[in-house]
file data.txt (compact mmCIF, C-alpha atoms)
# COMPACT_ATOMS: atom_id res chain seq x y z
CA MET A 118 -12.20 2.23 -15.44
CA ASN A 119 -12.07 0.34 -12.19
CA ASN A 120 -8.65 -1.21 -11.66
CA SER A 121 -9.97 -4.65 -10.75
CA ARG A 122 -12.43 -5.49 -13.53
CA TYR A 123 -12.63 -5.73 -17.27
CA PHE A 124 -15.87 -6.35 -19.15
CA TRP A 125 -16.81 -7.56 -22.59
CA HIS A 126 -19.61 -5.48 -24.10
CA CYS A 127 -21.73 -6.97 -26.88
CA ARG A 128 -24.23 -5.11 -29.06
CA ARG A 129 -27.27 -7.01 -30.34
CA ASP A 130 -30.48 -6.43 -32.21
CA THR A 131 -33.08 -5.98 -29.45
CA SER A 132 -35.90 -6.77 -31.86
CA GLN A 133 -34.88 -10.45 -31.82
CA PRO A 134 -35.05 -12.35 -28.51
CA MET A 135 -31.82 -14.03 -27.43
CA THR A 136 -32.37 -17.66 -26.50
CA LEU A 137 -30.08 -20.25 -25.03
CA LEU A 138 -29.84 -21.97 -28.42
CA SER A 139 -28.74 -18.73 -30.06
CA LEU A 140 -26.03 -18.32 -27.42
CA LEU A 141 -24.52 -21.78 -27.98
CA PRO A 142 -22.35 -20.79 -30.98
CA LEU A 143 -20.97 -17.81 -29.00
CA LEU A 144 -20.22 -19.99 -25.99
CA ALA A 145 -18.53 -22.58 -28.19
CA LEU A 146 -16.39 -19.86 -29.72
CA LEU A 147 -15.39 -18.51 -26.30
CA ILE A 148 -14.41 -21.94 -25.07
CA SER A 149 -12.40 -22.72 -28.20
CA LEU A 150 -10.57 -19.41 -27.95
CA ALA A 151 -9.77 -20.06 -24.31
CA LEU A 152 -8.40 -23.53 -25.01
CA SER A 153 -6.44 -22.73 -28.14
CA THR A 154 -2.88 -21.50 -27.60
CA PRO A 155 -1.27 -20.17 -30.76
CA ALA A 156 2.38 -19.18 -30.52
CA LEU A 157 1.50 -15.65 -31.57
CA ALA A 158 -0.48 -15.26 -28.33
CA ASP A 159 2.62 -15.70 -26.17
CA PRO A 160 3.42 -12.64 -24.04
CA PRO A 161 6.82 -11.03 -24.54
CA GLY A 162 9.73 -12.22 -22.46
CA ARG A 163 11.03 -8.68 -21.95
CA ILE A 164 9.49 -6.17 -19.54
CA GLY A 165 10.20 -2.71 -18.14
CA ARG A 166 9.92 -1.47 -14.57
CA VAL A 167 9.88 1.71 -12.52
CA ALA A 168 13.43 1.51 -11.13
CA TRP A 169 13.82 4.81 -9.25
CA LEU A 170 11.65 7.73 -8.17
CA SER A 171 12.82 11.05 -6.76
CA GLU A 172 9.86 10.82 -4.40
CA PRO A 173 7.00 8.32 -3.98
CA GLY A 174 3.91 9.04 -6.04
CA SER A 175 5.70 11.41 -8.44
CA LEU A 176 5.16 9.27 -11.57
CA THR A 177 1.76 8.83 -13.24
CA LEU A 178 1.03 5.78 -15.37
CA ASP A 179 -1.61 5.83 -18.11
CA ARG A 180 -2.38 2.23 -19.05
CA ARG A 181 -3.77 1.91 -22.57
CA SER A 182 -4.77 -1.74 -22.16
CA SER A 183 -7.29 -0.89 -19.43
CA GLY A 184 -7.84 2.87 -19.69
CA GLU A 185 -6.81 3.37 -16.06
CA THR A 186 -4.55 6.07 -14.63
CA PHE A 187 -2.72 5.79 -11.31
CA ARG A 188 0.43 6.77 -9.45
CA ALA A 189 3.01 4.13 -10.32
CA PRO A 190 4.99 2.71 -7.38
CA LEU A 191 8.57 1.52 -7.44
CA ASN A 192 8.90 -1.83 -9.26
CA GLN A 193 5.69 -1.35 -11.22
CA PRO A 194 5.95 -3.51 -14.38
CA LEU A 195 5.79 -1.50 -17.62
CA THR A 196 4.93 -2.80 -21.07
CA SER A 197 3.74 -1.83 -24.55
CA GLY A 198 1.18 0.99 -24.61
CA ASP A 199 2.01 2.42 -21.20
CA VAL A 200 2.54 6.18 -20.89
CA VAL A 201 4.54 7.49 -17.92
CA ARG A 202 4.51 11.14 -16.81
CA THR A 203 6.74 12.76 -14.21
CA ASP A 204 5.46 15.53 -11.96
CA ARG A 205 6.90 19.01 -11.85
CA ASN A 206 10.26 18.98 -10.01
CA ALA A 207 10.33 15.17 -10.05
CA ARG A 208 12.50 12.65 -11.88
CA ALA A 209 12.26 8.95 -12.55
CA GLU A 210 14.29 6.08 -13.96
CA ILE A 211 12.90 3.28 -16.13
CA GLN A 212 14.76 0.03 -16.78
CA ILE A 213 14.09 -2.36 -19.65
CA GLY A 214 16.58 -5.17 -19.38
CA SER A 215 19.97 -3.43 -19.38
CA MET A 216 18.56 -0.27 -21.00
CA THR A 217 18.06 2.76 -18.75
CA LEU A 218 15.76 5.70 -19.50
CA ARG A 219 15.99 8.68 -17.16
CA LEU A 220 13.11 11.15 -17.21
CA ASP A 221 13.38 14.81 -16.32
CA SER A 222 10.56 16.71 -14.63
CA ASP A 223 7.37 17.37 -16.63
CA THR A 224 8.19 14.57 -19.08
CA ALA A 225 5.71 12.30 -20.85
CA LEU A 226 7.07 9.13 -22.47
CA GLU A 227 5.02 6.52 -24.31
CA LEU A 228 6.31 2.95 -24.35
CA MET A 229 5.10 2.11 -27.83
CA ARG A 230 6.60 -1.36 -28.03
CA ILE A 231 8.44 -3.61 -25.59
CA ASP A 232 8.92 -7.17 -26.78
CA ASP A 233 11.63 -9.66 -27.64
CA GLU A 234 12.55 -7.95 -30.91
CA ARG A 235 12.32 -4.20 -30.25
CA VAL A 236 11.98 -1.42 -27.71
CA SER A 237 10.37 1.65 -29.24
CA VAL A 238 9.42 4.75 -27.23
CA PHE A 239 7.85 8.10 -28.12
CA LEU A 240 8.87 11.25 -26.26
CA ARG A 241 5.74 13.39 -26.14
CA ASN A 242 7.35 16.23 -24.21
CA GLY A 243 10.10 16.87 -21.70
CA GLY A 244 13.54 15.27 -21.60
CA SER A 245 15.02 11.79 -21.42
CA ILE A 246 18.58 10.52 -21.11
CA VAL A 247 19.01 7.02 -22.54
CA LYS A 248 21.81 4.62 -21.67
CA LEU A 249 22.44 1.74 -24.09
CA PRO A 250 25.23 -0.48 -22.70
CA SER A 251 25.45 -3.32 -25.24
CA PRO A 252 25.42 -3.85 -29.02
CA GLU A 253 22.18 -5.81 -28.65
CA THR A 254 20.40 -2.85 -27.03
CA VAL A 255 21.74 -0.56 -29.75
CA ARG A 256 20.23 -2.72 -32.50
CA GLU A 257 16.84 -3.02 -30.81
CA PHE A 258 16.17 0.49 -29.44
CA GLU A 259 14.59 3.52 -31.07
CA LEU A 260 13.26 6.81 -29.71
CA ASN A 261 10.70 8.84 -31.62
CA SER A 262 9.51 12.42 -31.36
CA SER A 263 7.08 14.45 -33.46
CA ASP A 264 10.06 15.48 -35.65
CA GLY A 265 11.47 12.04 -36.47
CA ARG A 266 13.19 8.88 -35.26
CA PHE A 267 16.46 8.42 -33.36
CA THR A 268 18.53 5.24 -33.38
CA ALA A 269 22.01 4.60 -32.02
CA ARG A 270 25.03 3.56 -34.04
CA ASP A 271 27.13 2.62 -30.99
CA THR A 272 26.72 1.90 -27.31
CA GLY A 273 26.55 5.12 -25.36
CA ILE A 274 24.53 7.77 -23.55
CA PHE A 275 22.12 10.02 -25.40
CA ARG A 276 19.67 12.77 -24.52
CA VAL A 277 16.51 13.85 -26.33
CA GLU A 278 14.23 16.78 -25.45
CA ALA A 279 10.91 17.65 -27.08
CA ASP A 280 8.42 20.50 -26.86
CA GLY A 281 5.97 22.23 -29.16
CA ASN A 282 8.77 24.03 -31.00
CA GLY A 283 10.89 21.05 -31.99
CA THR A 284 13.34 18.44 -30.73
CA ALA A 285 16.89 18.61 -29.38
CA ALA A 286 19.22 15.61 -29.25
CA THR A 287 22.63 15.35 -27.53
CA THR A 288 25.23 12.61 -27.77
CA TYR A 289 27.44 12.30 -24.69
CA ASP A 290 29.03 9.05 -25.76
CA GLY A 291 28.59 7.07 -28.99
CA THR A 292 26.81 8.14 -32.17
CA LEU A 293 23.13 8.93 -32.65
CA HIS A 294 21.33 8.85 -36.00
CA PHE A 295 18.27 10.95 -36.82
CA MET A 296 15.84 10.19 -39.63
CA ALA A 297 12.75 12.02 -40.93
CA ASN A 298 10.87 11.79 -44.24
CA ASP A 299 13.07 14.49 -45.75
CA ALA A 300 16.28 14.39 -43.68
CA ALA A 301 18.84 12.07 -42.15
CA PHE A 302 22.08 12.86 -40.33
CA ALA A 303 24.38 11.68 -37.54
CA ILE A 304 25.00 13.34 -34.18
CA GLN A 305 28.50 12.59 -32.96
CA ALA A 306 29.77 12.50 -29.38
CA GLY A 307 30.00 16.04 -28.01
CA GLU A 308 27.32 17.42 -30.37
CA ARG A 309 23.80 18.72 -29.80
CA ALA A 310 21.31 18.93 -32.67
CA THR A 311 18.33 21.28 -32.57
CA ILE A 312 15.65 20.05 -35.00
CA TRP A 313 12.49 21.79 -36.15
CA TYR A 314 10.02 21.62 -39.02
CA ALA A 315 9.04 24.66 -41.11
CA GLY A 316 7.85 23.35 -44.46
CA GLN A 317 10.78 20.95 -44.30
CA THR A 318 13.07 19.56 -41.60
CA HIS A 319 15.83 21.90 -40.41
CA TYR A 320 18.61 21.30 -37.90
CA ARG A 321 21.53 23.07 -36.29
CA LEU A 322 24.54 21.49 -34.55
CA THR A 323 25.99 23.08 -31.40
CA SER A 324 27.86 22.05 -28.26
CA PRO A 325 25.97 20.20 -25.49
CA VAL A 326 24.46 22.21 -22.68
CA SER A 327 25.49 21.59 -19.07
CA ASP A 328 22.55 21.65 -16.67
CA ASP A 329 21.21 19.98 -13.54
CA PHE A 330 19.56 17.10 -15.44
CA MET A 331 22.87 16.18 -17.09
CA ARG A 332 24.76 16.38 -13.78
CA TRP A 333 22.14 14.29 -11.99
CA SER A 334 22.33 11.60 -14.67
CA ALA A 335 26.13 11.57 -14.53
CA ALA A 336 25.98 11.13 -10.76
CA ARG A 337 23.66 8.14 -11.22
CA ASP A 338 26.30 6.56 -13.45
CA GLN A 339 28.92 6.85 -10.71
CA ARG A 340 27.27 4.08 -8.70
CA PRO A 341 29.30 0.83 -8.44
CA LEU A 342 28.63 -1.64 -11.23
CA ALA A 343 26.95 -4.96 -10.41
CA ASN A 344 30.15 -6.96 -10.86
CA ALA A 345 29.24 -9.91 -8.65
CA SER A 346 25.71 -10.28 -10.01
CA SER A 347 26.86 -10.21 -13.63
CA ARG A 348 28.65 -13.55 -13.05
CA TYR A 349 25.36 -15.22 -12.12
CA VAL A 350 22.58 -13.39 -13.97
CA SER A 351 22.38 -11.61 -17.29
CA PRO A 352 22.19 -7.79 -17.32
CA GLU A 353 19.14 -8.32 -19.58
CA MET A 354 17.24 -9.55 -16.52
CA THR A 355 15.23 -6.44 -15.64
CA GLY A 356 16.06 -5.39 -12.08
CA ALA A 357 19.36 -7.29 -11.84
CA GLU A 358 21.22 -4.01 -11.34
CA ASP A 359 19.95 -3.76 -7.74
CA LEU A 360 21.15 -7.15 -6.51
CA ASP A 361 24.67 -6.17 -5.43
CA ASP A 362 23.44 -3.09 -3.56
CA TYR A 363 20.97 -5.03 -1.43
CA GLY A 364 22.28 -8.57 -1.02
CA ASP A 365 25.20 -10.99 -1.06
CA TRP A 366 26.01 -14.04 -3.16
CA ALA A 367 26.98 -17.50 -1.97
CA GLU A 368 27.88 -20.69 -3.84
CA THR A 369 25.89 -23.73 -2.70
CA PRO A 370 26.38 -27.38 -3.67
CA ASP A 371 22.66 -28.08 -4.04
CA TYR A 372 21.38 -24.93 -5.78
CA GLY A 373 24.39 -23.22 -7.33
CA PRO A 374 24.59 -19.41 -6.93
CA LEU A 375 22.33 -18.11 -4.15
CA TRP A 376 21.48 -14.45 -3.43
CA ILE A 377 20.50 -13.48 0.14
CA PRO A 378 18.92 -10.06 0.75
CA ARG A 379 20.44 -7.85 3.44
CA ALA A 380 18.63 -5.79 6.07
CA VAL A 381 15.34 -7.68 6.09
CA ALA A 382 13.30 -8.55 9.17
CA VAL A 383 13.93 -11.84 10.94
CA ASP A 384 10.51 -13.11 9.86
CA TRP A 385 10.77 -11.71 6.33
CA ALA A 386 9.60 -13.99 3.53
CA PRO A 387 9.22 -13.60 -0.26
CA TYR A 388 5.91 -12.43 -1.71
CA ARG A 389 4.77 -11.08 1.63
CA THR A 390 5.50 -7.33 1.33
CA GLY A 391 3.86 -6.04 -1.83
CA HIS A 392 0.62 -6.00 -3.78
CA TRP A 393 -0.96 -7.46 -6.91
CA ALA A 394 -1.44 -5.28 -9.99
CA TRP A 395 -3.21 -6.18 -13.23
CA VAL A 396 -0.77 -6.06 -16.17
CA ALA A 397 -2.01 -7.30 -19.55
CA PRO A 398 -1.44 -9.81 -21.08
CA TRP A 399 -0.09 -11.63 -17.99
CA GLY A 400 -2.90 -10.70 -15.60
CA TRP A 401 -2.19 -10.33 -11.89
CA SER A 402 1.48 -9.46 -11.34
CA TRP A 403 3.39 -9.06 -8.10
CA VAL A 404 4.77 -5.60 -7.23
CA GLY A 405 7.34 -5.98 -4.46
CA HIS A 406 7.69 -3.09 -2.04
CA GLU A 407 11.36 -3.82 -1.35
CA PRO A 408 13.67 -1.44 -3.29
CA TRP A 409 15.32 -4.49 -4.89
CA GLY A 410 12.02 -6.29 -5.34
CA PHE A 411 11.81 -6.91 -9.06
CA ALA A 412 14.26 -9.50 -10.40
CA PRO A 413 13.94 -11.94 -7.45
CA PHE A 414 10.14 -12.00 -7.76
CA HIS A 415 9.85 -12.38 -11.55
CA TYR A 416 12.71 -14.76 -12.32
CA GLY A 417 14.31 -17.70 -10.50
CA ARG A 418 13.16 -19.54 -7.38
CA TRP A 419 13.37 -19.20 -3.58
CA VAL A 420 14.80 -21.57 -0.97
CA GLN A 421 15.32 -21.55 2.79
CA TYR A 422 19.07 -21.82 3.39
CA ARG A 423 20.62 -21.88 6.88
CA GLY A 424 17.54 -20.32 8.40
CA ARG A 425 17.19 -17.51 5.84
CA TRP A 426 15.41 -17.07 2.55
CA GLY A 427 17.67 -17.01 -0.48
CA TRP A 428 16.95 -16.45 -4.17
CA VAL A 429 18.24 -18.98 -6.72
CA PRO A 430 18.48 -17.53 -10.26
CA GLY A 431 19.25 -20.92 -11.85
CA THR A 432 21.20 -21.36 -15.07
CA ARG A 433 22.49 -18.08 -16.47
CA ILE A 434 20.52 -17.26 -19.62
CA ALA A 435 21.33 -14.39 -21.98
CA ARG A 436 17.77 -13.07 -21.86
CA PRO A 437 15.59 -14.75 -19.24
CA VAL A 438 11.82 -14.72 -19.68
CA TYR A 439 9.76 -12.50 -17.37
CA ALA A 440 6.91 -14.02 -15.34
CA PRO A 441 4.30 -12.02 -13.37
CA ALA A 442 5.20 -13.88 -10.16
CA MET A 443 7.23 -17.05 -9.63
CA VAL A 444 4.63 -18.60 -7.34
CA ALA A 445 2.26 -21.54 -7.25
CA TRP A 446 -1.38 -21.21 -6.24
CA SER A 447 -3.57 -23.24 -3.90
CA ALA A 448 -6.43 -22.33 -6.28
CA ALA A 449 -6.71 -20.42 -9.56
CA PRO A 450 -5.86 -16.71 -9.12
CA GLY A 451 -9.22 -15.32 -10.24
CA VAL A 452 -8.83 -16.48 -13.84
CA SER A 453 -11.61 -18.37 -15.62
CA VAL A 454 -13.55 -18.49 -18.87
CA SER A 455 -16.22 -15.92 -18.05
CA LEU A 456 -17.42 -12.52 -19.12
CA THR A 457 -15.65 -10.77 -16.25
CA PHE A 458 -11.88 -10.71 -15.92
CA GLY A 459 -9.45 -9.24 -13.43
CA ARG A 460 -11.07 -10.13 -10.10
CA ALA A 461 -8.45 -9.65 -7.39
CA PRO A 462 -6.71 -12.93 -6.45
CA THR A 463 -8.01 -14.42 -3.21
CA ALA A 464 -6.38 -17.82 -3.55
CA GLY A 465 -3.31 -18.71 -1.52
CA TRP A 466 0.11 -18.41 -3.13
CA PHE A 467 3.62 -19.48 -2.18
CA PRO A 468 7.09 -19.14 -3.76
CA LEU A 469 8.37 -21.81 -6.09
CA ALA A 470 11.45 -23.77 -5.07
CA PRO A 471 14.33 -24.79 -7.37
CA ARG A 472 13.39 -27.34 -10.03
CA GLU A 473 9.64 -26.70 -9.58
CA VAL A 474 7.69 -25.85 -12.74
CA TYR A 475 6.10 -22.42 -13.09
CA VAL A 476 2.55 -22.75 -14.48
CA PRO A 477 1.24 -19.71 -16.41
CA PHE A 478 -2.45 -18.90 -15.85
CA TYR A 479 -2.49 -16.77 -18.99
CA ARG A 480 -2.56 -17.89 -22.61
CA SER A 481 0.75 -19.37 -23.72
CA SER A 482 2.22 -22.04 -25.96
CA PRO A 483 4.26 -25.15 -25.03
CA ASP A 484 7.37 -23.38 -26.30
CA TYR A 485 6.70 -20.45 -23.97
CA VAL A 486 6.24 -22.77 -20.97
CA ARG A 487 9.61 -24.35 -21.70
CA ARG A 488 11.35 -20.99 -22.15
CA VAL A 489 9.96 -19.39 -18.98
CA ASN A 490 11.11 -22.46 -16.98
CA ARG A 491 14.38 -23.09 -18.79
CA ALA A 492 16.69 -21.71 -16.06
CA HIS A 493 15.42 -24.29 -13.56
CA VAL A 494 13.66 -27.11 -15.41
CA THR A 495 15.13 -28.70 -18.54
CA HIS A 496 12.36 -31.22 -19.20
CA ILE A 497 8.62 -30.81 -18.54
CA ASP A 498 6.52 -33.97 -18.92
CA ASN A 499 3.06 -32.37 -18.66
CA VAL A 500 3.54 -29.29 -20.83
CA ASP A 501 0.30 -29.93 -22.75
CA VAL A 502 -1.66 -30.14 -19.50
CA ILE A 503 -0.06 -26.88 -18.33
CA VAL A 504 -1.10 -25.14 -21.52
CA ARG A 505 -4.66 -26.48 -21.80
CA ARG A 506 -5.63 -27.11 -18.16
CA PRO A 507 -3.36 -25.01 -15.91
CA HIS A 508 -5.79 -25.45 -12.99
CA ASP A 509 -5.02 -29.19 -13.01
CA ALA A 510 -1.29 -29.00 -13.73
CA GLY A 511 -0.02 -28.60 -10.18
CA ARG A 512 -2.84 -30.32 -8.32
CA HIS A 513 -0.78 -33.36 -7.38
CA THR A 514 2.62 -31.66 -7.21
CA ARG A 515 4.49 -31.83 -3.91
CA TYR A 516 5.62 -28.24 -3.55
CA VAL A 517 8.40 -27.59 -1.03
CA HIS A 518 6.89 -24.30 0.19
CA ARG A 519 3.21 -25.25 0.08
CA ASP A 520 2.82 -24.72 3.84
CA PHE A 521 4.03 -21.15 3.40
CA ARG A 522 0.88 -19.77 1.84
CA ARG A 523 -0.61 -16.30 1.52
CA ASP A 524 -4.39 -16.53 1.63
CA THR A 525 -5.35 -12.92 0.85
CA PRO A 526 -3.67 -10.05 -1.01
CA HIS A 527 -1.31 -8.09 1.26
CA ALA A 528 -2.39 -4.80 -0.29
CA ALA A 529 -4.92 -3.65 -2.82
CA PRO A 530 -3.81 -2.59 -6.32
CA PRO A 531 -3.14 1.15 -6.84
CA ARG A 532 -6.27 3.28 -6.83
CA PRO A 533 -7.10 4.99 -10.14
CA LEU A 534 -6.74 8.77 -10.18

call {"tool": "encode", "arguments": {"input": "data.txt", "output": "structure tokens"}}
result
Amino acid sequence: MNNSRYFWHCRRDTSQPMTLLSLLPLLALLISLALSTPALADPPGRIGRVAWLSEPGSLTLDRRSSGETFRAPLNQPLTSGDVVRTDRNARAEIQIGSMTLRLDSDTALELMRIDDERVSVFLRNGGSIVKLPSPETVREFELNSSDGRFTARDTGIFRVEADGNGTAATTYDGTLHFMANDAAFAIQAGERATIWYAGQTHYRLTSPVSDDFMRWSAARDQRPLANASSRYVSPEMTGAEDLDDYGDWAETPDYGPLWIPRAVAVDWAPYRTGHWAWVAPWGWSWVGHEPWGFAPFHYGRWVQYRGRWGWVPGTRIARPVYAPAMVAWSAAPGVSVSLTFGRAPTAGWFPLAPREVYVPFYRSSPDYVRRVNRAHVTHIDNVDVIVRRPHDAGRHTRYVHRDFRRDTPHAAPPRPL
């Protein structure tokens, strides 16, 4: 399917002519669905991203929501239904909040569910090392294979491998629990369980193997921890781990904590180097080409400070809500009540400044609008207008960065394979 369009297909009885009067009920239904905003329609606040690639273009993304397949770039947002596949001799790292999933070569992993309550993945084949750093991630994470389900009892680092002959699971730190219809047991630190099914579930406990994948993962864990950033942003902000490696923090009287990226061009500006990608249910989402370009483009606000652009995360929130791009638009970004969705955005966009309200152009509830803005705006007067008529919500707003406007996409979305 083409990456830039989605179509509704309707089947009808061709023996009966379709008149304008017969279409009125359908049109009324479409309009009512577009204007209604039930809480259940809110998108999740949690998101995953492609955090590291051994080489560009080495990770393939199969997107169930659209049926498209393409090479996923760094910082590509990942959500429920996505399947990622590493090439031969390639590795990748996926981040979901503070969770880290490292993929060995020739690995296929399905992201079954990523939302505010649970992260559930299915290892189709290959190997994955999972790092769960907090009790919250332990409670909410599960990894499945064709042989059963793995959950963690403690924070730690775990490894699961799957092929046509069975599943192997290793606990490097913590305790892992395995469950199948006819078996359940724990895998303690320093143990490796080989699991297979032959009429019933069998398993054997041995010592962990030492190989290149394990050593590579251990080397990744030797990187300095984001100590400075953790004071200002939650580790559950996807992409926050990169902030200390690529920028510096300053305390400002007007905006509070401010992060300034290092090693950028003199004329660098936010939302200039990247491209738009369609990610359901949010729609067009910004994919920054900077190696650190996830957290600062999906949370917080931007400000010009002493002649440089700086990112303002706002109030520290335990789990901030993801947005496809913290920008305002000079016109609607290709979203309307019509039979064709996903037309590439051609309107101008510009970064939001501190205390400016982010307006979602996708279906959401008043509660969602408040939550996605909570780090910067404590009270929103026109929340009902934002929900029901987002095109009108910012029409008379005096945006600080309105003169800094992008009029056309910097780059096209990834081409389908």

call {"tool": "residues_around", "arguments": {"input": "data.txt", "residues": "A:Arg188", "least_positions_apart": "3", "cutoff": "7 Å", "atoms": "all atoms listed in the file", "output": "JSON, numbers by chain"}}
result
{"A": [174, 176, 177, 178]}

call {"tool": "closest_residue", "arguments": {"input": "data.txt", "among": "A:Pro507, A:Gly373, A:Gly427, A:Gly405", "to": "A:His493", "atoms": "all atoms listed in the file"}}
result
A:Gly373

call {"tool": "closest_residue", "arguments": {"input": "data.txt", "among": "A:Val444, A:Ala357, A:Val200, A:Ala301", "to": "A:Arg519", "atoms": "only C-alpha atoms"}}
result
A:Val444

call {"tool": "axis_aligned_box", "arguments": {"input": "data.txt", "around": "stretch 205-224 of chain A", "padding_each_side": "8 Å", "output": "JSON"}}
result
{"center_x": 13.4, "center_y": 6.9, "center_z": -15.5, "size_x": 29.1, "size_y": 40.2, "size_z": 27.0}

call {"tool": "closest_atom_pairs", "arguments": {"input": "data.txt", "of": "stretch 340-399 of chain A", "to": "stretch 207-217 of chain A", "cutoff": "8 Å", "atoms": "only C-alpha atoms", "output": "tab-separated table"}}
result
residue	atom	partner	partner_atom	distance
A:Pro352	CA	A:Ser215	CA	5.3
A:Glu353	CA	A:Gly214	CA	4.1
A:Met354	CA	A:Gly214	CA	5.3
A:Thr355	CA	A:Gly214	CA	4.2
A:Gly356	CA	A:Gln212	CA	7.3

call {"tool": "residues_near_point", "arguments": {"input": "data.txt", "point": "(19.5, -15.4, -23.1)", "cutoff": "12 Å", "atoms": "all atoms listed in the file", "output": "JSON list (two decimals) with C-alpha atoms, keeping the file's coordinate frame"}}
result
[["chain", "number", "residue", "atom", "x", "y", "z"],
["A", 162, "GLY", "CA", 9.73, -12.22, -22.46],
["A", 163, "ARG", "CA", 11.03, -8.68, -21.95],
["A", 214, "GLY", "CA", 16.58, -5.17, -19.38],
["A", 233, "ASP", "CA", 11.63, -9.66, -27.64],
["A", 253, "GLU", "CA", 22.18, -5.81, -28.65],
["A", 350, "VAL", "CA", 22.58, -13.39, -13.97],
["A", 351, "SER", "CA", 22.38, -11.61, -17.29],
["A", 352, "PRO", "CA", 22.19, -7.79, -17.32],
["A", 353, "GLU", "CA", 19.14, -8.32, -19.58],
["A", 354, "MET", "CA", 17.24, -9.55, -16.52],
["A", 432, "THR", "CA", 21.20, -21.36, -15.07],
["A", 433, "ARG", "CA", 22.49, -18.08, -16.47],
["A", 434, "ILE", "CA", 20.52, -17.26, -19.62],
["A", 435, "ALA", "CA", 21.33, -14.39, -21.98],
["A", 436, "ARG", "CA", 17.77, -13.07, -21.86],
["A", 437, "PRO", "CA", 15.59, -14.75, -19.24],
["A", 438, "VAL", "CA", 11.82, -14.72, -19.68],
["A", 439, "TYR", "CA", 9.76, -12.50, -17.37],
["A", 488, "ARG", "CA", 11.35, -20.99, -22.15],
["A", 489, "VAL", "CA", 9.96, -19.39, -18.98],
["A", 491, "ARG", "CA", 14.38, -23.09, -18.79],
["A", 492, "ALA", "CA", 16.69, -21.71, -16.06]]

call {"tool": "decode", "arguments": {"input": "data.txt", "residues": "stretch 348-385 of chain A", "atoms": "C-alpha atoms", "output": "mmCIF file, in the first residue's frame"}}
result
data_model
loop_
_atom_site.group_PDB
_atom_site.id
_atom_site.type_symbol
_atom_site.label_atom_id
_atom_site.label_comp_id
_atom_site.auth_asym_id
_atom_site.auth_seq_id
_atom_site.Cartn_x
_atom_site.Cartn_y
_atom_site.Cartn_z
ATOM 1 C CA ARG A 348 16.768 15.367 37.498
ATOM 2 C CA TYR A 349 14.652 17.164 34.890
ATOM 3 C CA VAL A 350 12.811 14.500 32.893
ATOM 4 C CA SER A 351 11.438 11.078 33.723
ATOM 5 C CA PRO A 352 13.250 8.001 32.362
ATOM 6 C CA GLU A 353 9.784 6.976 31.094
ATOM 7 C CA MET A 354 10.066 9.726 28.479
ATOM 8 C CA THR A 355 11.066 7.705 25.417
ATOM 9 C CA GLY A 356 14.380 9.019 24.089
ATOM 10 C CA ALA A 357 15.451 10.790 27.296
ATOM 11 C CA GLU A 358 18.489 8.518 27.545
ATOM 12 C CA ASP A 359 20.231 10.430 24.715
ATOM 13 C CA LEU A 360 19.992 13.917 26.212
ATOM 14 C CA ASP A 361 23.188 13.891 28.286
ATOM 15 C CA ASP A 362 25.266 12.506 25.405
ATOM 16 C CA TYR A 363 24.256 15.252 22.996
ATOM 17 C CA GLY A 364 23.473 18.375 25.001
ATOM 18 C CA ASP A 365 23.872 20.385 28.196
ATOM 19 C CA TRP A 366 21.430 21.600 30.823
ATOM 20 C CA ALA A 367 20.992 25.109 32.167
ATOM 21 C CA GLU A 368 18.682 26.571 34.802
ATOM 22 C CA THR A 369 16.749 29.626 33.603
ATOM 23 C CA PRO A 370 14.544 31.984 35.629
ATOM 24 C CA ASP A 371 11.838 32.204 32.965
ATOM 25 C CA TYR A 372 11.585 28.599 31.727
ATOM 26 C CA GLY A 373 13.156 26.399 34.391
ATOM 27 C CA PRO A 374 15.458 23.600 33.146
ATOM 28 C CA LEU A 375 16.641 24.145 29.566
ATOM 29 C CA TRP A 376 18.476 21.616 27.363
ATOM 30 C CA ILE A 377 20.724 22.944 24.567
ATOM 31 C CA PRO A 378 21.952 20.517 21.883
ATOM 32 C CA ARG A 379 25.676 20.410 21.162
ATOM 33 C CA ALA A 380 27.406 20.277 17.777
ATOM 34 C CA VAL A 381 24.588 21.694 15.667
ATOM 35 C CA ALA A 382 24.984 24.167 12.813
ATOM 36 C CA VAL A 383 24.820 27.886 13.550
ATOM 37 C CA ASP A 384 21.532 28.147 11.651
ATOM 38 C CA TRP A 385 20.102 24.920 13.077
#
